[in-house]
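entry.cif (mmCIF, C-alpha atoms)
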data_my_file
#
loop_
_atom_site.group_PDB
_atom_site.id
_atom_site.type_symbol
_atom_site.label_atom_id
_atom_site.label_comp_id
_atom_site.auth_asym_id
_atom_site.auth_seq_id
_atom_site.Cartn_x
_atom_site.Cartn_y
_atom_site.Cartn_z
ATOM 1 C CA MET A 499 110.015 -68.455 -37.315
ATOM 2 C CA SER A 500 109.492 -67.349 -40.923
ATOM 3 C CA GLN A 501 106.567 -69.789 -41.260
ATOM 4 C CA ARG A 502 104.621 -67.769 -38.678
ATOM 5 C CA SER A 503 105.810 -64.349 -39.787
ATOM 6 C CA ASP A 504 106.697 -62.523 -42.977
ATOM 7 C CA SER A 505 110.206 -63.151 -44.356
ATOM 8 C CA GLY A 506 110.558 -59.486 -45.268
ATOM 9 C CA ARG A 507 109.807 -58.389 -41.717
ATOM 10 C CA ILE A 508 112.239 -60.924 -40.251
ATOM 11 C CA ALA A 509 114.950 -59.940 -42.738
ATOM 12 C CA PHE A 510 114.419 -56.256 -41.941
ATOM 13 C CA LYS A 511 114.600 -56.820 -38.172
ATOM 14 C CA SER A 512 117.651 -59.061 -38.535
ATOM 15 C CA LEU A 513 119.395 -56.488 -40.708
ATOM 16 C CA LEU A 514 118.477 -53.726 -38.253
ATOM 17 C CA ILE A 515 119.925 -55.673 -35.313
ATOM 18 C CA SER A 516 123.026 -56.551 -37.332
ATOM 19 C CA GLY A 517 123.530 -52.908 -38.294
ATOM 20 C CA THR A 518 122.989 -51.780 -34.708
ATOM 21 C CA LEU A 519 125.629 -54.218 -33.471
ATOM 22 C CA CYS A 520 127.984 -52.982 -36.180
ATOM 23 C CA LEU A 521 127.387 -49.385 -35.106
ATOM 24 C CA THR A 522 127.798 -50.034 -31.379
ATOM 25 C CA TYR A 523 130.474 -52.754 -31.388
ATOM 26 C CA GLN A 524 133.253 -50.466 -30.171
ATOM 27 C CA LEU A 525 131.186 -49.555 -27.101
ATOM 28 C CA ILE A 526 130.258 -53.201 -26.520
ATOM 29 C CA GLU A 527 133.860 -54.323 -26.855
ATOM 30 C CA ALA A 528 134.901 -52.024 -24.024
ATOM 31 C CA VAL A 529 132.910 -54.181 -21.574
ATOM 32 C CA ARG A 530 134.951 -57.264 -20.768
ATOM 33 C CA GLY A 531 133.208 -60.503 -21.740
ATOM 34 C CA LEU A 532 130.398 -58.787 -23.600
ATOM 35 C CA SER A 533 132.182 -58.720 -26.955
ATOM 36 C CA ILE A 534 132.090 -62.509 -27.419
ATOM 37 C CA PHE A 535 128.368 -62.563 -26.625
ATOM 38 C CA ALA A 536 127.770 -59.652 -29.024
ATOM 39 C CA LEU A 537 129.670 -61.423 -31.800
ATOM 40 C CA LEU A 538 127.593 -64.575 -31.298
ATOM 41 C CA VAL A 539 124.369 -62.562 -31.435
ATOM 42 C CA TRP A 540 125.653 -60.697 -34.481
ATOM 43 C CA ARG A 541 126.485 -63.998 -36.178
ATOM 44 C CA PHE A 542 122.975 -65.314 -35.491
ATOM 45 C CA PHE A 543 121.311 -62.310 -37.104
ATOM 46 C CA VAL A 544 123.642 -62.240 -40.112
ATOM 47 C CA ILE A 545 122.735 -65.875 -40.803
ATOM 48 C CA ALA A 546 119.031 -65.163 -40.192
ATOM 49 C CA GLU A 547 118.941 -62.248 -42.614
ATOM 50 C CA SER A 548 120.694 -64.278 -45.293
ATOM 51 C CA ALA A 549 118.189 -67.115 -45.024
ATOM 52 C CA GLN A 550 115.278 -64.698 -45.182
ATOM 53 C CA PHE A 551 116.676 -63.002 -48.295
ATOM 54 C CA PHE A 552 116.800 -66.425 -49.957
ATOM 55 C CA ALA A 553 113.156 -66.986 -48.981
ATOM 56 C CA ILE A 554 112.172 -63.593 -50.387
ATOM 57 C CA SER A 555 114.031 -64.306 -53.636
ATOM 58 C CA SER A 556 112.467 -67.725 -54.071
ATOM 59 C CA LYS A 557 108.965 -66.283 -53.565
ATOM 60 C CA SER A 558 109.605 -63.348 -55.909
ATOM 61 C CA CYS A 559 110.912 -65.286 -58.924
ATOM 62 C CA ARG A 560 109.085 -67.235 -61.558
ATOM 63 C CA ALA A 561 109.162 -70.938 -60.717
ATOM 64 C CA ASP A 562 111.461 -71.760 -63.642
ATOM 65 C CA MET A 563 113.983 -69.078 -62.549
ATOM 66 C CA VAL A 564 114.232 -69.808 -58.812
ATOM 67 C CA GLY A 565 117.297 -72.036 -59.106
ATOM 68 C CA SER A 566 119.198 -69.522 -61.229
ATOM 69 C CA ALA A 567 118.230 -66.624 -58.983
ATOM 70 C CA LEU A 568 119.396 -68.448 -55.860
ATOM 71 C CA VAL A 569 122.688 -69.449 -57.494
ATOM 72 C CA ILE A 570 123.341 -65.827 -58.504
ATOM 73 C CA GLN A 571 122.374 -64.570 -55.051
ATOM 74 C CA ASN A 572 124.562 -67.171 -53.347
ATOM 75 C CA SER A 573 127.508 -66.364 -55.628
ATOM 76 C CA LEU A 574 127.224 -62.630 -55.019
ATOM 77 C CA GLY A 575 126.901 -63.179 -51.282
ATOM 78 C CA PHE A 576 129.997 -65.385 -51.244
ATOM 79 C CA PHE A 577 131.951 -62.871 -53.361
ATOM 80 C CA LEU A 578 131.001 -59.964 -51.087
ATOM 81 C CA SER A 579 131.748 -61.967 -47.942
ATOM 82 C CA ILE A 580 135.198 -63.027 -49.106
ATOM 83 C CA GLY A 581 135.953 -59.519 -50.345
ATOM 84 C CA SER A 582 134.923 -58.045 -46.996
ATOM 85 C CA ILE A 583 137.033 -60.543 -45.078
ATOM 86 C CA VAL A 584 140.108 -59.841 -47.203
ATOM 87 C CA ILE A 585 139.745 -56.064 -46.949
ATOM 88 C CA LEU A 586 138.897 -55.980 -43.247
ATOM 89 C CA THR A 587 141.680 -58.326 -42.188
ATOM 90 C CA SER A 588 144.203 -56.264 -44.137
ATOM 91 C CA TRP A 589 143.070 -53.056 -42.377
ATOM 92 C CA VAL A 590 142.509 -54.380 -38.848
ATOM 93 C CA ASP A 591 146.132 -53.633 -37.848
ATOM 94 C CA ARG A 592 145.667 -49.954 -38.666
ATOM 95 C CA LEU A 593 142.071 -49.448 -37.574
ATOM 96 C CA ASP A 594 141.721 -51.966 -34.722
ATOM 97 C CA THR A 595 138.038 -52.603 -33.985
ATOM 98 C CA SER A 596 137.050 -49.438 -35.848
ATOM 99 C CA VAL A 597 137.323 -51.623 -38.923
ATOM 100 C CA VAL A 598 133.755 -52.849 -38.298
ATOM 101 C CA TRP A 599 132.503 -49.373 -39.183
ATOM 102 C CA LEU A 600 133.561 -50.096 -42.751
ATOM 103 C CA LEU A 601 130.742 -52.644 -42.807
ATOM 104 C CA LEU A 602 128.091 -50.162 -41.652
ATOM 105 C CA PRO A 603 127.024 -48.906 -45.109
ATOM 106 C CA VAL A 604 125.919 -52.431 -46.074
ATOM 107 C CA PRO A 605 123.079 -52.832 -43.544
ATOM 108 C CA MET A 606 122.153 -49.158 -43.927
ATOM 109 C CA LEU A 607 121.741 -49.527 -47.705
ATOM 110 C CA GLY A 608 119.929 -52.825 -47.189
ATOM 111 C CA LEU A 609 117.452 -51.237 -44.797
ATOM 112 C CA LEU A 610 116.795 -48.414 -47.252
ATOM 113 C CA ALA A 611 116.246 -50.901 -50.068
ATOM 114 C CA MET A 612 113.876 -52.988 -47.952
ATOM 115 C CA ARG A 613 111.462 -50.186 -47.073
ATOM 116 C CA SER A 614 109.052 -51.384 -49.758
ATOM 117 C CA LEU A 615 108.933 -55.009 -48.548
#
Whole structure, C-alpha cells version:
Amino acid sequence: MSQRSDSGRIAFKSLLISGTLCLTYQLIEAVRGLSIFALLVWRFFVIAESAQFFAISSKSCRADMVGSALVIQNSLGFFLSIGSIVILTSWVDRLDTSVVWLLLPVPMLGLLAMRSL
C-alpha cells in the first residue's frame, strides 16, 4: 500500500483511526461481539502506523545513519510499549476499560507532530 501512496499519509490515517478507536472503545465495547472486531482493527492500524514511521525514518536519514536511526526508533518503541503495558495492566482493575483513555494523548500528540508531513 505504501508503494502506491505516501508513507506520511498512510501513517497519519492509521494514527487517526487508532486514536479514534481509542477514543470510542468504551462505546464499542458496550455492543456485544463488536469489541473483539474493534481490537483486531485497532491492532492492524497500530502495526500499520509503526511500519510507516519506519519507512519515513529510513527516507529522512542520511544513508550512513539509517541503521542507527531505526535501532533507536525500535528501542524507543519497545520501551514505550512495555511501559504502557505495565502501567495499563496495573490500573485496569481500578479503571476497567476506561484505562484505554490513558493512551489517547499518544495518537493526539502524534497527529499534531505529523501535520507537516
Quiz item: Excluding same-chain residues fewer than 5 positions from Ser614 of chain A, what lies within 12 Å of it counting only C-alpha atoms, as a PyMOL selection string?
Solution: chain A and resi 506-507+510+608-609
Just write the chosen residues, C-alpha atoms, as a short mmCIF file (atom, residue, chain, number, x, y, z; two decimals), in the frame of the given file.
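To be explicit, this is the file written out as again-v3.cif:
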data_model
loop_
_atom_site.label_atom_id
_atom_site.label_comp_id
_atom_site.auth_asym_id
_atom_site.auth_seq_id
_atom_site.Cartn_x
_atom_site.Cartn_y
_atom_site.Cartn_z
CA GLY A 506 110.56 -59.49 -45.27
CA ARG A 507 109.81 -58.39 -41.72
CA PHE A 510 114.42 -56.26 -41.94
CA GLY A 608 119.93 -52.82 -47.19
CA LEU A 609 117.45 -51.24 -44.80
#
Quiz item: Excluding same-chain residues fewer than 4 positions from segment 548-563 of chain A, what lies within 8 Å of it counting all atoms listed in the file, as a PyMOL selection string?
Solution: chain A and resi 500+505-506+508-509+544+567-568+571
Self-check item: Surrounding residues of Thr518 of chain A excluding itself and chain neighbours under 2 positions, 12 Å, only C-alpha atoms, as a list of chain:residue names
Solution: A:Lys511, A:Ser512, A:Leu513, A:Leu514, A:Ile515, A:Ser516, A:Cys520, A:Leu521, A:Thr522, A:Tyr523, A:Gln524, A:Leu525, A:Ile526, A:Ala536, A:Val539, A:Trp540, A:Phe543, A:Val544, A:Val598, A:Trp599, A:Leu601, A:Leu602, A:Pro603, A:Val604, A:Pro605, A:Met606, A:Leu609
Self-check item: Distance in Å - atom CA of Val564 of chain A versus atom CA of Glu547 of chain A
Solution: 18.5 Å
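Note that the spacing between atom CA of Phe577 of chain A and atom CA of Leu607 of chain A amounts to 17.7 Å.
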Nearby residues (all atoms listed in the file) at most 9 Å from segment 584-586 of chain A, same-chain spacing under 4 positions excluded, as a compact mmCIF listing (two decimals) with C-alpha atoms, in the frame of the given file:
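Ended up saving to result15.txt:
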# COMPACT_ATOMS: atom_id res chain seq x y z
CA SER A 579 131.75 -61.97 -47.94
CA ILE A 580 135.20 -63.03 -49.11
CA VAL A 590 142.51 -54.38 -38.85
CA VAL A 597 137.32 -51.62 -38.92
CA VAL A 598 133.76 -52.85 -38.30
CA LEU A 600 133.56 -50.10 -42.75
CA LEU A 601 130.74 -52.64 -42.81
Exercise. Could you please determine the separation between atom CA of Thr595 of chain A and atom CA of Gly581 of chain A in Å, to one decimal place?
Key: 17.9 Å
